[in-house]
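What follows is the content of data00.txt, which has compact mmCIF, N, CA and C atoms:
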```
# COMPACT_ATOMS: atom_id res chain seq x y z
N VAL W 250 -7.83 -11.79 -3.35
CA VAL W 250 -6.64 -11.29 -4.03
C VAL W 250 -5.45 -11.24 -3.08
N GLY W 251 -5.70 -11.36 -1.79
CA GLY W 251 -4.63 -11.33 -0.81
C GLY W 251 -5.18 -11.49 0.59
N ALA W 252 -4.29 -11.71 1.53
CA ALA W 252 -4.70 -11.87 2.92
C ALA W 252 -5.31 -10.58 3.45
N GLY W 253 -6.23 -10.72 4.39
CA GLY W 253 -6.83 -9.54 4.99
C GLY W 253 -7.78 -9.89 6.11
N ARG W 254 -8.31 -8.87 6.74
CA ARG W 254 -9.29 -8.99 7.80
C ARG W 254 -10.66 -8.67 7.25
N VAL W 255 -11.67 -9.44 7.61
CA VAL W 255 -13.03 -9.21 7.13
C VAL W 255 -13.58 -7.97 7.83
N ALA W 256 -13.78 -6.91 7.05
CA ALA W 256 -14.30 -5.65 7.56
C ALA W 256 -15.83 -5.57 7.46
N PHE W 257 -16.41 -6.40 6.56
CA PHE W 257 -17.87 -6.41 6.39
C PHE W 257 -18.24 -7.78 5.83
N ALA W 258 -19.30 -8.37 6.37
CA ALA W 258 -19.82 -9.65 5.88
C ALA W 258 -21.31 -9.71 6.18
N ASP W 259 -22.12 -9.29 5.20
CA ASP W 259 -23.56 -9.23 5.40
C ASP W 259 -24.21 -8.88 4.07
N ARG W 260 -25.53 -8.80 4.06
CA ARG W 260 -26.24 -8.35 2.87
C ARG W 260 -26.09 -6.83 2.77
N TYR W 261 -25.93 -6.32 1.54
CA TYR W 261 -25.74 -4.89 1.34
C TYR W 261 -26.60 -4.42 0.16
N ASP W 262 -27.73 -3.79 0.47
CA ASP W 262 -28.64 -3.22 -0.53
C ASP W 262 -28.75 -4.08 -1.78
N ASP W 263 -28.55 -3.49 -2.95
CA ASP W 263 -28.70 -4.19 -4.23
C ASP W 263 -27.56 -5.15 -4.54
N TYR W 264 -26.51 -5.15 -3.73
CA TYR W 264 -25.36 -6.02 -3.97
C TYR W 264 -25.52 -7.40 -3.34
N GLY W 265 -26.54 -7.62 -2.56
CA GLY W 265 -26.77 -8.91 -1.93
C GLY W 265 -25.66 -9.23 -0.92
N MET W 266 -25.38 -10.53 -0.76
CA MET W 266 -24.35 -10.94 0.20
C MET W 266 -23.01 -10.37 -0.25
N THR W 267 -22.37 -9.63 0.65
CA THR W 267 -21.13 -8.90 0.34
C THR W 267 -20.09 -9.14 1.42
N ILE W 268 -18.85 -9.33 0.99
CA ILE W 268 -17.71 -9.41 1.91
C ILE W 268 -16.70 -8.36 1.48
N ILE W 269 -16.22 -7.59 2.46
CA ILE W 269 -15.17 -6.60 2.21
C ILE W 269 -13.97 -6.99 3.06
N LEU W 270 -12.82 -7.15 2.41
CA LEU W 270 -11.58 -7.46 3.12
C LEU W 270 -10.72 -6.21 3.22
N ASP W 271 -10.16 -5.99 4.39
CA ASP W 271 -9.23 -4.91 4.65
C ASP W 271 -7.82 -5.49 4.55
N HIS W 272 -7.06 -5.05 3.54
CA HIS W 272 -5.72 -5.57 3.30
C HIS W 272 -4.64 -4.70 3.94
N GLY W 273 -5.04 -3.66 4.66
CA GLY W 273 -4.09 -2.75 5.28
C GLY W 273 -3.71 -1.62 4.35
N ASP W 274 -3.14 -0.57 4.89
CA ASP W 274 -2.70 0.60 4.13
C ASP W 274 -3.82 1.18 3.26
N SER W 275 -5.06 1.11 3.75
CA SER W 275 -6.26 1.64 3.08
C SER W 275 -6.63 0.90 1.79
N TYR W 276 -6.18 -0.35 1.62
CA TYR W 276 -6.59 -1.19 0.48
C TYR W 276 -7.70 -2.12 0.92
N TYR W 277 -8.75 -2.20 0.10
CA TYR W 277 -9.90 -3.06 0.37
C TYR W 277 -10.30 -3.80 -0.89
N SER W 278 -10.73 -5.05 -0.73
CA SER W 278 -11.34 -5.76 -1.86
C SER W 278 -12.79 -6.05 -1.50
N VAL W 279 -13.66 -5.92 -2.51
CA VAL W 279 -15.10 -6.08 -2.33
C VAL W 279 -15.56 -7.25 -3.20
N TYR W 280 -16.28 -8.17 -2.58
CA TYR W 280 -16.85 -9.33 -3.28
C TYR W 280 -18.34 -9.31 -2.99
N ALA W 281 -19.16 -9.19 -4.03
CA ALA W 281 -20.60 -9.07 -3.81
C ALA W 281 -21.37 -9.99 -4.75
N GLU W 282 -22.68 -10.05 -4.53
CA GLU W 282 -23.58 -10.95 -5.22
C GLU W 282 -23.20 -12.40 -4.97
N LEU W 283 -22.66 -12.64 -3.76
CA LEU W 283 -22.25 -13.99 -3.38
C LEU W 283 -23.47 -14.87 -3.10
N GLY W 284 -23.31 -16.17 -3.31
CA GLY W 284 -24.36 -17.12 -2.96
C GLY W 284 -24.41 -17.36 -1.46
N SER W 285 -23.22 -17.38 -0.84
CA SER W 285 -23.11 -17.54 0.61
C SER W 285 -21.78 -16.96 1.06
N ALA W 286 -21.68 -16.68 2.36
CA ALA W 286 -20.44 -16.16 2.95
C ALA W 286 -19.86 -17.21 3.87
N ASP W 287 -18.58 -17.51 3.71
CA ASP W 287 -17.88 -18.46 4.57
C ASP W 287 -16.94 -17.76 5.54
N ALA W 288 -16.82 -16.45 5.45
CA ALA W 288 -15.94 -15.67 6.33
C ALA W 288 -16.82 -14.79 7.21
N SER W 289 -16.38 -14.58 8.44
CA SER W 289 -17.19 -13.78 9.37
C SER W 289 -16.46 -12.50 9.76
N LEU W 290 -17.23 -11.52 10.16
CA LEU W 290 -16.73 -10.21 10.52
C LEU W 290 -15.58 -10.32 11.52
N GLY W 291 -14.47 -9.65 11.21
CA GLY W 291 -13.32 -9.60 12.10
C GLY W 291 -12.32 -10.73 11.92
N SER W 292 -12.70 -11.78 11.19
CA SER W 292 -11.77 -12.91 11.02
C SER W 292 -10.67 -12.56 10.02
N MET W 293 -9.53 -13.20 10.20
CA MET W 293 -8.42 -13.05 9.26
C MET W 293 -8.57 -14.11 8.17
N VAL W 294 -8.29 -13.70 6.93
CA VAL W 294 -8.42 -14.59 5.78
C VAL W 294 -7.06 -14.68 5.10
N ALA W 295 -6.60 -15.89 4.85
CA ALA W 295 -5.33 -16.09 4.17
C ALA W 295 -5.50 -15.86 2.67
N SER W 296 -4.44 -15.52 2.01
CA SER W 296 -4.46 -15.35 0.55
C SER W 296 -4.88 -16.67 -0.08
N GLY W 297 -5.86 -16.62 -0.96
CA GLY W 297 -6.34 -17.81 -1.66
C GLY W 297 -7.41 -18.59 -0.92
N ALA W 298 -7.75 -18.18 0.30
CA ALA W 298 -8.77 -18.88 1.09
C ALA W 298 -10.15 -18.63 0.51
N ARG W 299 -11.02 -19.58 0.68
CA ARG W 299 -12.42 -19.43 0.25
C ARG W 299 -13.15 -18.52 1.23
N ILE W 300 -13.82 -17.50 0.71
CA ILE W 300 -14.58 -16.60 1.57
C ILE W 300 -16.09 -16.74 1.35
N GLY W 301 -16.48 -17.43 0.28
CA GLY W 301 -17.90 -17.62 0.00
C GLY W 301 -18.07 -18.37 -1.31
N THR W 302 -19.33 -18.45 -1.74
CA THR W 302 -19.64 -19.12 -3.00
C THR W 302 -20.15 -18.10 -4.01
N VAL W 303 -19.99 -18.43 -5.27
CA VAL W 303 -20.46 -17.57 -6.36
C VAL W 303 -21.98 -17.59 -6.38
N GLY W 304 -22.57 -16.42 -6.59
CA GLY W 304 -24.01 -16.31 -6.66
C GLY W 304 -24.55 -16.70 -8.03
N VAL W 305 -25.87 -16.66 -8.15
CA VAL W 305 -26.54 -16.99 -9.41
C VAL W 305 -27.34 -15.77 -9.84
N GLY W 306 -27.12 -15.32 -11.08
CA GLY W 306 -27.82 -14.17 -11.62
C GLY W 306 -29.25 -14.48 -11.99
N ASP W 307 -29.97 -13.46 -12.42
CA ASP W 307 -31.38 -13.60 -12.78
C ASP W 307 -31.60 -14.62 -13.89
N GLY W 308 -30.64 -14.74 -14.80
CA GLY W 308 -30.76 -15.70 -15.90
C GLY W 308 -30.24 -17.08 -15.57
N GLY W 309 -29.86 -17.30 -14.31
CA GLY W 309 -29.36 -18.60 -13.88
C GLY W 309 -27.86 -18.79 -14.07
N GLU W 310 -27.18 -17.75 -14.56
CA GLU W 310 -25.74 -17.84 -14.80
C GLU W 310 -24.97 -17.47 -13.54
N PRO W 311 -23.74 -18.03 -13.35
CA PRO W 311 -22.92 -17.64 -12.21
C PRO W 311 -22.55 -16.16 -12.31
N VAL W 312 -22.52 -15.49 -11.16
CA VAL W 312 -22.21 -14.06 -11.16
C VAL W 312 -21.49 -13.69 -9.86
N ILE W 313 -20.53 -12.79 -9.98
CA ILE W 313 -19.86 -12.24 -8.80
C ILE W 313 -19.42 -10.82 -9.15
N TYR W 314 -19.47 -9.94 -8.16
CA TYR W 314 -19.00 -8.57 -8.34
C TYR W 314 -17.69 -8.46 -7.57
N PHE W 315 -16.66 -7.89 -8.21
CA PHE W 315 -15.36 -7.71 -7.57
C PHE W 315 -14.88 -6.29 -7.81
N GLU W 316 -14.31 -5.72 -6.77
CA GLU W 316 -13.76 -4.37 -6.87
C GLU W 316 -12.59 -4.25 -5.91
N LEU W 317 -11.58 -3.51 -6.31
CA LEU W 317 -10.45 -3.22 -5.43
C LEU W 317 -10.44 -1.72 -5.19
N ARG W 318 -10.25 -1.33 -3.93
CA ARG W 318 -10.30 0.08 -3.56
C ARG W 318 -9.06 0.48 -2.78
N LYS W 319 -8.63 1.72 -2.99
CA LYS W 319 -7.58 2.36 -2.19
C LYS W 319 -8.27 3.54 -1.53
N GLY W 320 -8.50 3.46 -0.22
CA GLY W 320 -9.31 4.48 0.44
C GLY W 320 -10.70 4.46 -0.14
N GLY W 321 -11.17 5.57 -0.65
CA GLY W 321 -12.50 5.65 -1.23
C GLY W 321 -12.54 5.53 -2.74
N ARG W 322 -11.38 5.23 -3.37
CA ARG W 322 -11.32 5.18 -4.84
C ARG W 322 -11.21 3.74 -5.35
N THR W 323 -11.94 3.45 -6.41
CA THR W 323 -11.78 2.17 -7.10
C THR W 323 -10.48 2.22 -7.89
N ILE W 324 -9.69 1.13 -7.81
CA ILE W 324 -8.42 1.07 -8.54
C ILE W 324 -8.37 -0.16 -9.43
N ASP W 325 -7.45 -0.14 -10.38
CA ASP W 325 -7.24 -1.26 -11.30
C ASP W 325 -6.69 -2.45 -10.52
N PRO W 326 -7.37 -3.60 -10.53
CA PRO W 326 -6.90 -4.76 -9.78
C PRO W 326 -5.83 -5.58 -10.49
N ALA W 327 -5.50 -5.25 -11.73
CA ALA W 327 -4.58 -6.06 -12.53
C ALA W 327 -3.26 -6.37 -11.80
N PRO W 328 -2.59 -5.40 -11.20
CA PRO W 328 -1.34 -5.72 -10.51
C PRO W 328 -1.53 -6.71 -9.35
N TRP W 329 -2.66 -6.66 -8.69
CA TRP W 329 -2.95 -7.57 -7.57
C TRP W 329 -3.25 -8.97 -8.08
N LEU W 330 -3.72 -9.05 -9.33
CA LEU W 330 -4.08 -10.33 -9.91
C LEU W 330 -2.95 -10.92 -10.77
N GLY W 331 -1.82 -10.22 -10.83
CA GLY W 331 -0.70 -10.69 -11.62
C GLY W 331 -0.90 -10.54 -13.12
N LEU W 332 -1.73 -9.57 -13.51
CA LEU W 332 -2.01 -9.35 -14.95
C LEU W 332 -1.22 -8.18 -15.49
```
Once you've parsed the file, please lay out its structure as structure tokens.
Amino acid sequence: VGAGRVAFADRYDDYGMTIILDHGDSYYSVYAELGSADASLGSMVASGARIGTVGVGDGGEPVIYFELRKGGRTIDPAPWLGL
């Protein structure tokens, strides 16, 4: 959703392969259930850059988990997505 620094890139409990980007000012985006990770811990990621591949759910369908956070709270991502 925007440029940031990779704050986490690893498997995370039930969420599988997970990447968390730190966008500054306590904003974070979370991408989980990834098929693979193309970004590594501490690296800077440009807006629109590929950070990984979409995972495959139990039924064989593509799946990804996305969340935007401000500090410890989940927030509506619509403004970040231009919606």
ask   = Got a sec: who's within 6.5 Å of range 265-281 of chain W, counting all atoms listed in the file, leaving out chain neighbours fewer than 2 positions off, as an NGL selection string?
value = :W and (252-263 or 283-284 or 312-320)
inquiry  = I'd like to know which residues of chain W are alpha helix (DSSP H) (by DSSP, run on the backbone); could you write them as a list of chain:residue names?
reply    =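 DSSP on the backbone gives alpha helix (DSSP H) at W:Ala327, W:Pro328, W:Trp329, W:Leu330.
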request  = Could you jot down the CA of Val305 in chain W to CA of Glu282 in chain W separation for me, Å, one decimal place?
outcome  = 7.9 Å
remark   = Atom pair atom C of Ile324 in chain W + atom C of Val250 in chain W, distance 13.1 Å
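Going from CA of Asp287 in chain W over to CA of Arg299 in chain W, you cover 7.0 Å.
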DSSP strand (DSSP E) residues within chain W, as a ChimeraX atom specification = /W:253-261,265-273,276-286,293-294,301-305,311-312,314-319,322-324
